[in-house]
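Trainee: structure_2.txt (compact mmCIF, N, CA and C atoms) pasted underneath:
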```txt
# COMPACT_ATOMS: atom_id res chain seq x y z
N GLN A 993 196.01 -42.82 -163.34
CA GLN A 993 197.05 -42.62 -164.33
C GLN A 993 197.30 -43.88 -165.15
N LYS A 994 196.82 -44.99 -164.68
CA LYS A 994 196.90 -46.25 -165.43
C LYS A 994 198.34 -46.69 -165.69
N GLY A 995 199.25 -46.36 -164.78
CA GLY A 995 200.63 -46.81 -164.90
C GLY A 995 200.76 -48.27 -164.49
N GLN A 996 201.92 -48.82 -164.73
CA GLN A 996 202.22 -50.18 -164.31
C GLN A 996 203.53 -50.19 -163.54
N ILE A 997 203.58 -51.13 -162.60
CA ILE A 997 204.79 -51.31 -161.81
C ILE A 997 205.25 -52.75 -161.98
N GLY A 998 206.52 -52.89 -162.25
CA GLY A 998 207.08 -54.22 -162.40
C GLY A 998 208.40 -54.32 -161.67
N ILE A 999 208.99 -55.47 -161.75
CA ILE A 999 210.32 -55.69 -161.19
C ILE A 999 211.17 -56.31 -162.29
N THR A 1000 212.42 -55.90 -162.34
CA THR A 1000 213.35 -56.45 -163.31
C THR A 1000 214.43 -57.23 -162.59
N ASN A 1001 214.64 -58.44 -163.04
CA ASN A 1001 215.74 -59.26 -162.54
C ASN A 1001 216.67 -59.58 -163.70
N CYS A 1002 217.91 -59.81 -163.37
CA CYS A 1002 218.93 -60.12 -164.37
C CYS A 1002 219.32 -61.58 -164.23
N ALA A 1003 219.30 -62.29 -165.34
CA ALA A 1003 219.69 -63.70 -165.30
C ALA A 1003 220.24 -64.13 -166.64
N ASP A 1004 221.21 -64.99 -166.61
CA ASP A 1004 221.74 -65.65 -167.78
C ASP A 1004 221.17 -67.06 -167.84
N TRP A 1005 221.03 -67.60 -169.03
CA TRP A 1005 220.52 -68.95 -169.18
C TRP A 1005 221.60 -69.97 -168.83
N ARG A 1006 221.21 -71.03 -168.16
CA ARG A 1006 222.10 -72.14 -167.84
C ARG A 1006 221.58 -73.39 -168.51
N GLU A 1007 222.35 -73.88 -169.45
CA GLU A 1007 221.99 -75.07 -170.22
C GLU A 1007 222.74 -76.27 -169.64
N PRO A 1008 222.07 -77.42 -169.47
CA PRO A 1008 222.80 -78.61 -168.99
C PRO A 1008 223.93 -78.95 -169.95
N ARG A 1009 225.10 -79.23 -169.41
CA ARG A 1009 226.26 -79.60 -170.24
C ARG A 1009 225.98 -80.91 -170.98
N THR A 1010 225.34 -81.85 -170.30
CA THR A 1010 224.96 -83.14 -170.91
C THR A 1010 223.49 -83.39 -170.60
N ASP A 1011 222.97 -84.49 -171.09
CA ASP A 1011 221.57 -84.83 -170.80
C ASP A 1011 221.43 -85.74 -169.58
N THR A 1012 222.51 -85.85 -168.78
CA THR A 1012 222.40 -86.64 -167.55
C THR A 1012 221.49 -85.92 -166.55
N GLN A 1013 220.85 -86.69 -165.69
CA GLN A 1013 219.95 -86.09 -164.70
C GLN A 1013 220.70 -85.12 -163.79
N MET A 1014 221.94 -85.40 -163.48
CA MET A 1014 222.72 -84.52 -162.59
C MET A 1014 222.95 -83.15 -163.25
N ASP A 1015 223.31 -83.13 -164.52
CA ASP A 1015 223.53 -81.85 -165.21
C ASP A 1015 222.21 -81.11 -165.43
N VAL A 1016 221.15 -81.83 -165.77
CA VAL A 1016 219.84 -81.21 -165.95
C VAL A 1016 219.38 -80.56 -164.65
N SER A 1017 219.53 -81.29 -163.54
CA SER A 1017 219.15 -80.75 -162.22
C SER A 1017 220.02 -79.56 -161.83
N THR A 1018 221.30 -79.62 -162.17
CA THR A 1018 222.22 -78.53 -161.84
C THR A 1018 221.85 -77.26 -162.60
N ALA A 1019 221.54 -77.39 -163.88
CA ALA A 1019 221.15 -76.22 -164.67
C ALA A 1019 219.85 -75.61 -164.14
N GLU A 1020 218.89 -76.46 -163.79
CA GLU A 1020 217.62 -75.96 -163.24
C GLU A 1020 217.85 -75.29 -161.89
N ARG A 1021 218.69 -75.89 -161.07
CA ARG A 1021 219.01 -75.30 -159.76
C ARG A 1021 219.67 -73.92 -159.95
N ALA A 1022 220.54 -73.81 -160.92
CA ALA A 1022 221.18 -72.52 -161.19
C ALA A 1022 220.15 -71.47 -161.59
N MET A 1023 219.16 -71.85 -162.40
CA MET A 1023 218.11 -70.91 -162.80
C MET A 1023 217.24 -70.51 -161.61
N ILE A 1024 216.93 -71.47 -160.78
CA ILE A 1024 216.08 -71.19 -159.62
C ILE A 1024 216.79 -70.26 -158.65
N VAL A 1025 218.07 -70.52 -158.39
CA VAL A 1025 218.80 -69.67 -157.45
C VAL A 1025 219.02 -68.27 -158.05
N ARG A 1026 219.26 -68.19 -159.32
CA ARG A 1026 219.56 -66.91 -159.95
C ARG A 1026 218.30 -66.09 -160.22
N LEU A 1027 217.26 -66.72 -160.75
CA LEU A 1027 216.06 -65.98 -161.15
C LEU A 1027 214.86 -66.25 -160.25
N GLY A 1028 214.70 -67.48 -159.85
CA GLY A 1028 213.55 -67.84 -159.00
C GLY A 1028 213.59 -67.21 -157.62
N TRP A 1029 214.80 -67.00 -157.10
CA TRP A 1029 214.97 -66.43 -155.76
C TRP A 1029 214.17 -65.14 -155.61
N PHE A 1030 214.26 -64.27 -156.60
CA PHE A 1030 213.61 -62.97 -156.51
C PHE A 1030 212.26 -62.93 -157.23
N SER A 1031 212.02 -63.87 -158.13
CA SER A 1031 210.79 -63.86 -158.92
C SER A 1031 209.67 -64.70 -158.31
N ASP A 1032 210.00 -65.84 -157.70
CA ASP A 1032 208.96 -66.69 -157.13
C ASP A 1032 208.09 -65.98 -156.11
N PRO A 1033 208.66 -65.18 -155.20
CA PRO A 1033 207.78 -64.53 -154.22
C PRO A 1033 206.73 -63.62 -154.86
N ILE A 1034 207.01 -63.06 -156.01
CA ILE A 1034 206.09 -62.12 -156.66
C ILE A 1034 205.22 -62.83 -157.70
N PHE A 1035 205.81 -63.70 -158.50
CA PHE A 1035 205.08 -64.30 -159.62
C PHE A 1035 204.70 -65.75 -159.38
N GLY A 1036 205.24 -66.36 -158.32
CA GLY A 1036 204.92 -67.76 -158.03
C GLY A 1036 203.57 -67.91 -157.36
N GLU A 1037 203.23 -69.14 -157.07
CA GLU A 1037 201.91 -69.45 -156.52
C GLU A 1037 201.75 -69.11 -155.04
N ASP A 1038 202.85 -69.09 -154.29
CA ASP A 1038 202.75 -69.00 -152.84
C ASP A 1038 203.23 -67.69 -152.22
N GLY A 1039 203.81 -66.79 -153.00
CA GLY A 1039 204.37 -65.57 -152.42
C GLY A 1039 205.59 -65.86 -151.57
N ASP A 1040 206.31 -66.91 -151.93
CA ASP A 1040 207.44 -67.36 -151.11
C ASP A 1040 208.62 -67.73 -152.01
N TYR A 1041 209.76 -67.96 -151.37
CA TYR A 1041 210.94 -68.43 -152.10
C TYR A 1041 210.64 -69.77 -152.77
N PRO A 1042 211.39 -70.12 -153.81
CA PRO A 1042 211.18 -71.42 -154.45
C PRO A 1042 211.39 -72.56 -153.45
N PRO A 1043 210.49 -73.54 -153.45
CA PRO A 1043 210.65 -74.66 -152.50
C PRO A 1043 211.99 -75.37 -152.68
N GLU A 1044 212.47 -75.47 -153.93
CA GLU A 1044 213.75 -76.13 -154.18
C GLU A 1044 214.89 -75.39 -153.49
N MET A 1045 214.79 -74.08 -153.48
CA MET A 1045 215.81 -73.26 -152.85
C MET A 1045 215.74 -73.35 -151.33
N LYS A 1046 214.54 -73.41 -150.80
CA LYS A 1046 214.37 -73.55 -149.35
C LYS A 1046 214.96 -74.88 -148.88
N ARG A 1047 214.76 -75.95 -149.67
CA ARG A 1047 215.34 -77.24 -149.31
C ARG A 1047 216.87 -77.20 -149.38
N LEU A 1048 217.38 -76.47 -150.35
CA LEU A 1048 218.83 -76.39 -150.56
C LEU A 1048 219.52 -75.56 -149.49
N LEU A 1049 218.95 -74.42 -149.15
CA LEU A 1049 219.61 -73.46 -148.26
C LEU A 1049 219.16 -73.54 -146.81
N LEU A 1050 218.12 -74.30 -146.55
CA LEU A 1050 217.61 -74.52 -145.20
C LEU A 1050 217.39 -73.21 -144.45
N ASP A 1051 218.10 -73.03 -143.35
CA ASP A 1051 217.86 -71.86 -142.49
C ASP A 1051 218.62 -70.60 -142.93
N ARG A 1052 219.29 -70.67 -144.08
CA ARG A 1052 220.01 -69.48 -144.55
C ARG A 1052 219.09 -68.46 -145.22
N LEU A 1053 217.88 -68.85 -145.54
CA LEU A 1053 216.90 -67.92 -146.10
C LEU A 1053 215.99 -67.42 -144.98
N PRO A 1054 215.71 -66.14 -144.95
CA PRO A 1054 214.73 -65.67 -143.97
C PRO A 1054 213.35 -66.19 -144.34
N GLU A 1055 212.46 -66.25 -143.37
CA GLU A 1055 211.10 -66.70 -143.63
C GLU A 1055 210.17 -65.50 -143.76
N PHE A 1056 209.27 -65.58 -144.73
CA PHE A 1056 208.24 -64.56 -144.86
C PHE A 1056 207.07 -64.93 -143.96
N SER A 1057 206.47 -63.92 -143.34
CA SER A 1057 205.22 -64.16 -142.61
C SER A 1057 204.11 -64.34 -143.64
N GLN A 1058 202.98 -64.84 -143.22
CA GLN A 1058 201.86 -64.99 -144.14
C GLN A 1058 201.42 -63.64 -144.69
N ASP A 1059 201.45 -62.61 -143.85
CA ASP A 1059 201.09 -61.26 -144.32
C ASP A 1059 202.07 -60.80 -145.42
N GLN A 1060 203.35 -61.05 -145.22
CA GLN A 1060 204.34 -60.67 -146.23
C GLN A 1060 204.12 -61.44 -147.53
N LYS A 1061 203.84 -62.74 -147.42
CA LYS A 1061 203.57 -63.54 -148.62
C LYS A 1061 202.37 -62.99 -149.38
N ASN A 1062 201.33 -62.63 -148.65
CA ASN A 1062 200.13 -62.08 -149.28
C ASN A 1062 200.42 -60.76 -149.99
N LEU A 1063 201.29 -59.94 -149.39
CA LEU A 1063 201.66 -58.67 -150.01
C LEU A 1063 202.54 -58.88 -151.26
N LEU A 1064 203.43 -59.85 -151.20
CA LEU A 1064 204.35 -60.09 -152.31
C LEU A 1064 203.67 -60.72 -153.52
N LYS A 1065 202.85 -61.72 -153.27
CA LYS A 1065 202.24 -62.49 -154.37
C LYS A 1065 201.42 -61.56 -155.27
N GLY A 1066 201.78 -61.55 -156.55
CA GLY A 1066 201.04 -60.77 -157.53
C GLY A 1066 201.25 -59.27 -157.43
N SER A 1067 202.32 -58.82 -156.78
CA SER A 1067 202.51 -57.39 -156.53
C SER A 1067 203.14 -56.63 -157.70
N ALA A 1068 203.41 -57.29 -158.82
CA ALA A 1068 203.97 -56.61 -159.99
C ALA A 1068 203.04 -56.80 -161.18
N ASP A 1069 202.97 -55.79 -162.01
CA ASP A 1069 202.13 -55.85 -163.20
C ASP A 1069 202.84 -56.52 -164.37
N PHE A 1070 204.17 -56.53 -164.35
CA PHE A 1070 204.91 -57.17 -165.43
C PHE A 1070 206.23 -57.71 -164.90
N PHE A 1071 206.75 -58.68 -165.63
CA PHE A 1071 208.03 -59.31 -165.34
C PHE A 1071 209.08 -58.66 -166.23
N GLY A 1072 210.04 -57.97 -165.64
CA GLY A 1072 211.14 -57.38 -166.39
C GLY A 1072 212.33 -58.32 -166.39
N LEU A 1073 213.02 -58.43 -167.50
CA LEU A 1073 214.16 -59.34 -167.60
C LEU A 1073 215.33 -58.66 -168.28
N ASN A 1074 216.46 -58.65 -167.60
CA ASN A 1074 217.75 -58.29 -168.19
C ASN A 1074 218.45 -59.61 -168.50
N HIS A 1075 218.82 -59.80 -169.76
CA HIS A 1075 219.47 -61.05 -170.15
C HIS A 1075 220.57 -60.74 -171.16
N TYR A 1076 221.73 -61.28 -170.90
CA TYR A 1076 222.86 -61.08 -171.80
C TYR A 1076 223.51 -62.37 -172.27
N GLY A 1077 223.64 -63.36 -171.40
CA GLY A 1077 224.47 -64.49 -171.76
C GLY A 1077 223.90 -65.84 -171.43
N SER A 1078 224.65 -66.83 -171.83
CA SER A 1078 224.33 -68.23 -171.57
C SER A 1078 225.61 -68.95 -171.21
N ALA A 1079 225.45 -70.07 -170.53
CA ALA A 1079 226.59 -70.94 -170.22
C ALA A 1079 226.08 -72.35 -170.00
N PHE A 1080 226.97 -73.30 -170.13
CA PHE A 1080 226.65 -74.69 -169.85
C PHE A 1080 226.95 -74.97 -168.38
N ALA A 1081 226.07 -75.74 -167.75
CA ALA A 1081 226.24 -76.10 -166.34
C ALA A 1081 226.41 -77.61 -166.21
N ALA A 1082 227.46 -78.01 -165.51
CA ALA A 1082 227.71 -79.42 -165.22
C ALA A 1082 227.78 -79.59 -163.71
N PHE A 1083 227.27 -80.68 -163.22
CA PHE A 1083 227.30 -80.97 -161.79
C PHE A 1083 228.74 -81.09 -161.31
N ASP A 1084 229.05 -80.42 -160.20
CA ASP A 1084 230.38 -80.48 -159.60
C ASP A 1084 230.22 -80.71 -158.10
N PRO A 1085 230.27 -81.97 -157.66
CA PRO A 1085 230.03 -82.26 -156.24
C PRO A 1085 231.10 -81.70 -155.31
N ALA A 1086 232.26 -81.35 -155.86
CA ALA A 1086 233.36 -80.86 -155.03
C ALA A 1086 233.27 -79.37 -154.72
N ASP A 1087 232.44 -78.63 -155.46
CA ASP A 1087 232.42 -77.18 -155.30
C ASP A 1087 230.99 -76.65 -155.28
N PRO A 1088 230.44 -76.40 -154.09
CA PRO A 1088 229.07 -75.88 -154.04
C PRO A 1088 228.98 -74.45 -154.57
N GLY A 1089 230.05 -73.69 -154.49
CA GLY A 1089 230.03 -72.30 -154.92
C GLY A 1089 229.27 -71.42 -153.95
N ALA A 1090 229.36 -70.13 -154.14
CA ALA A 1090 228.71 -69.18 -153.24
C ALA A 1090 227.19 -69.33 -153.23
N GLU A 1091 226.63 -69.76 -154.36
CA GLU A 1091 225.17 -69.89 -154.45
C GLU A 1091 224.69 -71.30 -154.12
N THR A 1092 225.61 -72.19 -153.74
CA THR A 1092 225.28 -73.58 -153.40
C THR A 1092 224.56 -74.28 -154.55
N ILE A 1093 225.05 -74.11 -155.76
CA ILE A 1093 224.41 -74.78 -156.89
C ILE A 1093 225.21 -75.98 -157.40
N TYR A 1094 226.42 -76.17 -156.89
CA TYR A 1094 227.25 -77.31 -157.27
C TYR A 1094 227.41 -77.39 -158.78
N ALA A 1095 227.80 -76.28 -159.39
CA ALA A 1095 227.89 -76.24 -160.85
C ALA A 1095 229.26 -75.77 -161.30
N LYS A 1096 229.74 -76.42 -162.31
CA LYS A 1096 230.90 -75.93 -163.06
C LYS A 1096 230.33 -75.35 -164.34
N LEU A 1097 230.56 -74.05 -164.54
CA LEU A 1097 230.03 -73.38 -165.71
C LEU A 1097 231.08 -73.30 -166.81
N SER A 1098 230.62 -73.42 -168.04
CA SER A 1098 231.52 -73.35 -169.19
C SER A 1098 230.81 -72.63 -170.33
N GLU A 1099 231.55 -71.80 -171.03
CA GLU A 1099 231.02 -71.12 -172.21
C GLU A 1099 231.60 -71.71 -173.49
N GLU A 1100 232.29 -72.84 -173.36
CA GLU A 1100 232.94 -73.46 -174.50
C GLU A 1100 231.92 -73.71 -175.63
N GLY A 1101 232.27 -73.23 -176.82
CA GLY A 1101 231.41 -73.43 -177.97
C GLY A 1101 230.39 -72.31 -178.19
N LEU A 1102 230.31 -71.36 -177.26
CA LEU A 1102 229.38 -70.25 -177.41
C LEU A 1102 230.11 -69.04 -177.99
N MET A 1103 229.40 -68.22 -178.69
CA MET A 1103 229.97 -67.02 -179.29
C MET A 1103 230.32 -66.02 -178.19
N GLN A 1104 231.51 -65.44 -178.27
CA GLN A 1104 231.95 -64.45 -177.29
C GLN A 1104 231.86 -63.05 -177.90
N GLY A 1105 231.32 -62.12 -177.12
CA GLY A 1105 231.28 -60.73 -177.53
C GLY A 1105 232.62 -60.06 -177.28
N GLN A 1106 232.71 -58.79 -177.56
CA GLN A 1106 233.94 -58.06 -177.30
C GLN A 1106 234.23 -58.01 -175.81
N SER A 1107 233.19 -57.90 -175.00
CA SER A 1107 233.36 -57.94 -173.55
C SER A 1107 233.81 -59.33 -173.14
N GLU A 1108 234.83 -59.41 -172.31
CA GLU A 1108 235.40 -60.71 -171.98
C GLU A 1108 234.43 -61.62 -171.23
N TRP A 1109 233.43 -61.06 -170.58
CA TRP A 1109 232.47 -61.84 -169.80
C TRP A 1109 231.26 -62.27 -170.61
N LEU A 1110 231.10 -61.83 -171.83
CA LEU A 1110 229.87 -62.01 -172.58
C LEU A 1110 229.96 -63.17 -173.56
N TYR A 1111 229.20 -64.21 -173.25
CA TYR A 1111 229.03 -65.37 -174.13
C TYR A 1111 227.53 -65.56 -174.28
N SER A 1112 227.09 -65.72 -175.49
CA SER A 1112 225.65 -65.77 -175.67
C SER A 1112 225.24 -66.69 -176.79
N SER A 1113 223.93 -66.90 -176.85
CA SER A 1113 223.34 -67.70 -177.91
C SER A 1113 221.88 -67.29 -178.04
N GLY A 1114 221.40 -67.26 -179.25
CA GLY A 1114 219.99 -66.95 -179.47
C GLY A 1114 219.08 -67.97 -178.82
N TRP A 1115 219.50 -69.25 -178.87
CA TRP A 1115 218.66 -70.28 -178.28
C TRP A 1115 218.59 -70.14 -176.76
N GLY A 1116 219.65 -69.63 -176.12
CA GLY A 1116 219.61 -69.42 -174.68
C GLY A 1116 218.62 -68.34 -174.30
N PHE A 1117 218.55 -67.30 -175.12
CA PHE A 1117 217.58 -66.23 -174.88
C PHE A 1117 216.16 -66.79 -174.99
N ARG A 1118 215.90 -67.57 -176.02
CA ARG A 1118 214.58 -68.17 -176.19
C ARG A 1118 214.25 -69.09 -175.01
N LYS A 1119 215.23 -69.87 -174.56
CA LYS A 1119 214.96 -70.81 -173.47
C LYS A 1119 214.66 -70.10 -172.15
N ILE A 1120 215.33 -68.99 -171.86
CA ILE A 1120 215.03 -68.29 -170.62
C ILE A 1120 213.64 -67.65 -170.68
N LEU A 1121 213.25 -67.15 -171.86
CA LEU A 1121 211.90 -66.62 -172.01
C LEU A 1121 210.86 -67.71 -171.81
N ASN A 1122 211.10 -68.89 -172.36
CA ASN A 1122 210.18 -70.01 -172.16
C ASN A 1122 210.16 -70.48 -170.71
N TRP A 1123 211.30 -70.44 -170.03
CA TRP A 1123 211.37 -70.83 -168.62
C TRP A 1123 210.47 -69.91 -167.78
N VAL A 1124 210.58 -68.62 -168.02
CA VAL A 1124 209.74 -67.65 -167.29
C VAL A 1124 208.27 -67.89 -167.61
N LYS A 1125 207.96 -68.07 -168.88
CA LYS A 1125 206.58 -68.30 -169.29
C LYS A 1125 205.99 -69.52 -168.59
N LYS A 1126 206.73 -70.62 -168.58
CA LYS A 1126 206.24 -71.87 -167.98
C LYS A 1126 206.16 -71.78 -166.46
N ARG A 1127 207.19 -71.25 -165.83
CA ARG A 1127 207.23 -71.24 -164.36
C ARG A 1127 206.21 -70.27 -163.77
N TYR A 1128 205.97 -69.16 -164.44
CA TYR A 1128 205.13 -68.11 -163.86
C TYR A 1128 203.82 -67.89 -164.63
N ASN A 1129 203.40 -68.90 -165.37
CA ASN A 1129 202.09 -68.86 -166.03
C ASN A 1129 201.97 -67.70 -167.01
N ASN A 1130 203.00 -67.51 -167.81
CA ASN A 1130 202.99 -66.54 -168.91
C ASN A 1130 202.66 -65.10 -168.48
N PRO A 1131 203.46 -64.53 -167.59
CA PRO A 1131 203.18 -63.15 -167.17
C PRO A 1131 203.51 -62.16 -168.29
N PRO A 1132 202.91 -60.96 -168.26
CA PRO A 1132 203.37 -59.93 -169.19
C PRO A 1132 204.86 -59.72 -168.95
N LEU A 1133 205.66 -59.74 -170.00
CA LEU A 1133 207.11 -59.70 -169.86
C LEU A 1133 207.69 -58.58 -170.71
N MET A 1134 208.61 -57.84 -170.12
CA MET A 1134 209.35 -56.82 -170.85
C MET A 1134 210.83 -57.13 -170.73
N VAL A 1135 211.50 -57.22 -171.86
CA VAL A 1135 212.96 -57.35 -171.84
C VAL A 1135 213.48 -55.93 -171.65
N THR A 1136 214.07 -55.69 -170.50
CA THR A 1136 214.50 -54.34 -170.15
C THR A 1136 215.96 -54.08 -170.48
N GLU A 1137 216.75 -55.13 -170.62
CA GLU A 1137 218.13 -55.00 -171.09
C GLU A 1137 218.50 -56.25 -171.85
N ASN A 1138 219.22 -56.06 -172.93
CA ASN A 1138 219.79 -57.13 -173.72
C ASN A 1138 220.72 -56.45 -174.69
N GLY A 1139 221.78 -57.10 -175.05
CA GLY A 1139 222.69 -56.45 -175.99
C GLY A 1139 223.91 -57.29 -176.25
N TRP A 1140 224.76 -56.74 -177.09
CA TRP A 1140 225.94 -57.47 -177.54
C TRP A 1140 227.05 -56.45 -177.78
N SER A 1141 228.23 -56.75 -177.31
CA SER A 1141 229.37 -55.87 -177.58
C SER A 1141 230.10 -56.39 -178.81
N TRP A 1142 230.40 -55.47 -179.69
CA TRP A 1142 231.04 -55.82 -180.96
C TRP A 1142 232.10 -54.79 -181.26
N PRO A 1143 233.23 -55.23 -181.80
CA PRO A 1143 234.28 -54.25 -182.10
C PRO A 1143 233.88 -53.22 -183.14
```
Mind turning the file's structure into structure tokens?

Mentor:
Amino acid sequence: QKGQIGITNCADWREPRTDTQMDVSTAERAMIVRLGWFSDPIFGEDGDYPPEMKRLLLDRLPEFSQDQKNLLKGSADFFGLNHYGSAFAAFDPADPGAETIYAKLSEEGLMQGQSEWLYSSGWGFRKILNWVKKRYNNPPLMVTENGWSWP
């Protein structure tokens, strides 16, 4: 039948609030925890969780057996992406948050949609597409959801 099977993950872009190494690392950590967690096992090189996430969460992540890694790696024909928003990420050593990313997020200066949770930017959409392209060696990608609420 020549069908294709993919997986779709939802992620918002996280831009460093400043160009300090702490904010840059925080924004990257937020992307890895949000998108890499579910994408690395399928589209990454090892069929496993992101190494950065394994170092961060230690024994809180289950371990894949080698057989599971072999089954996961390359198991999707395309990368599906739901993307709606962007936010700035700044390092916050006092608050690890539920995802242990140590980030204070802010949408200050970004355009807000009618939905109170929706802040977005065209450049954030481009940056998340480039992040996926670079991290996963340019997989076939389908944007499966994207949109804007307007009165």

Trainee: List as a VMD selection string the protein and nucleic acid residues near range 1017-1021 of chain A, meaning an atom at most 10 Å away when only C-alpha atoms are counted, but skip any in the same chain fewer than 2 places from it.

Mentor: chain A and resid 1005 to 1009 1011 to 1015 1023 to 1028 1044 to 1045 1048 1079 to 1084 1091 to 1097 1123

Trainee: Looking at A:Gly1089, A:Gly1072, A:Gly995, A:Pro1132, which one is nearest to Phe1030 in chain A, with distances taken over only C-alpha atoms?

Mentor: A:Gly1072

Trainee: Nearest residue to Ser1112 in chain A out of A:Gly1077, A:Pro1043, A:Pro1131, A:Gly1036, using only N, CA and C atoms?

Mentor: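 With only N, CA and C atoms as the atom set, the closest residue is A:Gly1077.
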
Trainee: If DSSP is run on the backbone, what residues of chain A are strand (DSSP E)? A reply as a ChimeraX atom specification would be ideal.

Mentor: /A:998-1002,1005-1008,1070-1074,1078-1083,1095-1098,1103-1104,1111-1112,1133-1137

Trainee: Could you tell me, as a VMD selection string, which residues of chain A DSSP assigns to alpha helix (DSSP H) when given the backbone?

Mentor: chain A and resid 1013 to 1023 1029 to 1035 1043 to 1049 1058 to 1064 1114 to 1127

Trainee: Between A:Leu1049, A:Leu1110, A:Met1134, A:Ile999, which residue has the minimum interatomic distance to Ser1078 in chain A, considering all atoms listed in the file?

Mentor: A:Leu1110

Trainee: When you count only N, CA and C atoms, which of these residues is closest to Glu1137 in chain A: A:Asn1074, A:Ser1057, A:Ser1107, A:Gln993?

Mentor: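 The answer is A:Asn1074, which sits nearest to Glu1137 in chain A.
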
Trainee: Measure the distance from CA of Ala1068 in chain A to CA of Tyr1041 in chain A in Å and round it to one decimal.

Mentor: 15.8 Å

Trainee: Name the residues in contact with Ser1113 in chain A at a cut-off of 8 Å, using all atoms listed in the file, excluding same-chain residues fewer than 4 positions from it; report them as a short mmCIF file (atom, residue, chain, number, x, y, z; two decimals) with N, CA and C atoms, in the frame of the given file.

Mentor:
```cif
data_model
loop_
_atom_site.label_atom_id
_atom_site.label_comp_id
_atom_site.auth_asym_id
_atom_site.auth_seq_id
_atom_site.Cartn_x
_atom_site.Cartn_y
_atom_site.Cartn_z
N TYR A 1076 221.73 -61.28 -170.90
CA TYR A 1076 222.86 -61.08 -171.80
C TYR A 1076 223.51 -62.37 -172.27
N GLY A 1077 223.64 -63.36 -171.40
CA GLY A 1077 224.47 -64.49 -171.76
C GLY A 1077 223.90 -65.84 -171.43
N SER A 1078 224.65 -66.83 -171.83
CA SER A 1078 224.33 -68.23 -171.57
C SER A 1078 225.61 -68.95 -171.21
N ALA A 1079 225.45 -70.07 -170.53
CA ALA A 1079 226.59 -70.94 -170.22
C ALA A 1079 226.08 -72.35 -170.00
N LEU A 1102 230.31 -71.36 -177.26
CA LEU A 1102 229.38 -70.25 -177.41
C LEU A 1102 230.11 -69.04 -177.99
N MET A 1103 229.40 -68.22 -178.69
CA MET A 1103 229.97 -67.02 -179.29
C MET A 1103 230.32 -66.02 -178.19
N GLN A 1104 231.51 -65.44 -178.27
CA GLN A 1104 231.95 -64.45 -177.29
C GLN A 1104 231.86 -63.05 -177.90
N PHE A 1117 218.55 -67.30 -175.12
CA PHE A 1117 217.58 -66.23 -174.88
C PHE A 1117 216.16 -66.79 -174.99
N ARG A 1118 215.90 -67.57 -176.02
CA ARG A 1118 214.58 -68.17 -176.19
C ARG A 1118 214.25 -69.09 -175.01
N LYS A 1119 215.23 -69.87 -174.56
CA LYS A 1119 214.96 -70.81 -173.47
C LYS A 1119 214.66 -70.10 -172.15
#
```

Trainee: Could you state the separation of CA of Asn1001 in chain A and CA of Pro1085 in chain A in Å, given to one decimal place?

Mentor: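 Computing the Euclidean distance for CA of Asn1001 in chain A and CA of Pro1085 in chain A yields 27.8 Å.
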
Trainee: Given the choices A:Gly1105, A:Pro1042, A:Gly1066, A:Pro1088, which gets closest to Ser1141 in chain A if the distance is worked out from only N, CA and C atoms?

Mentor: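 Under the stated criterion, the closest residue is A:Gly1105.
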
Trainee: Could you please determine the separation between CA of Tyr1128 in chain A and CA of Ser1031 in chain A in Å, to one decimal place?

Mentor: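 Here the two named atoms are 8.6 Å from each other.
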
Trainee: If we count only C-alpha atoms and set the cut-off at 10 Å, which residues sit around Leu1121 in chain A, ignoring sequence neighbours fewer than 5 positions away in its own chain? Please answer as an mmCIF file with N, CA and C atoms, in the coordinates of the input.

Mentor:
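Dumped to around.cif:
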```cif
data_model
loop_
_atom_site.group_PDB
_atom_site.id
_atom_site.type_symbol
_atom_site.label_atom_id
_atom_site.label_comp_id
_atom_site.auth_asym_id
_atom_site.auth_seq_id
_atom_site.Cartn_x
_atom_site.Cartn_y
_atom_site.Cartn_z
ATOM 1 N N TRP A 1005 221.030 -67.600 -169.030
ATOM 2 C CA TRP A 1005 220.520 -68.950 -169.180
ATOM 3 C C TRP A 1005 221.600 -69.970 -168.830
ATOM 4 N N LEU A 1073 213.020 -58.430 -167.500
ATOM 5 C CA LEU A 1073 214.160 -59.340 -167.600
ATOM 6 C C LEU A 1073 215.330 -58.660 -168.280
ATOM 7 N N HIS A 1075 218.820 -59.800 -169.760
ATOM 8 C CA HIS A 1075 219.470 -61.050 -170.150
ATOM 9 C C HIS A 1075 220.570 -60.740 -171.160
ATOM 10 N N TRP A 1115 219.500 -69.250 -178.870
ATOM 11 C CA TRP A 1115 218.660 -70.280 -178.280
ATOM 12 C C TRP A 1115 218.590 -70.140 -176.760
ATOM 13 N N GLY A 1116 219.650 -69.630 -176.120
ATOM 14 C CA GLY A 1116 219.610 -69.420 -174.680
ATOM 15 C C GLY A 1116 218.620 -68.340 -174.300
ATOM 16 N N LYS A 1126 206.730 -70.620 -168.580
ATOM 17 C CA LYS A 1126 206.240 -71.870 -167.980
ATOM 18 C C LYS A 1126 206.160 -71.780 -166.460
ATOM 19 N N ASN A 1130 203.000 -67.510 -167.810
ATOM 20 C CA ASN A 1130 202.990 -66.540 -168.910
ATOM 21 C C ASN A 1130 202.660 -65.100 -168.480
ATOM 22 N N LEU A 1133 205.660 -59.740 -170.000
ATOM 23 C CA LEU A 1133 207.110 -59.700 -169.860
ATOM 24 C C LEU A 1133 207.690 -58.580 -170.710
ATOM 25 N N VAL A 1135 211.500 -57.220 -171.860
ATOM 26 C CA VAL A 1135 212.960 -57.350 -171.840
ATOM 27 C C VAL A 1135 213.480 -55.930 -171.650
#
```

Trainee: My list of candidates is A:Ser1098, A:Leu1064, A:Phe1071, A:Asn1138. Which is closest to Ile997 in chain A when distances are computed with only C-alpha atoms?

Mentor: A:Phe1071
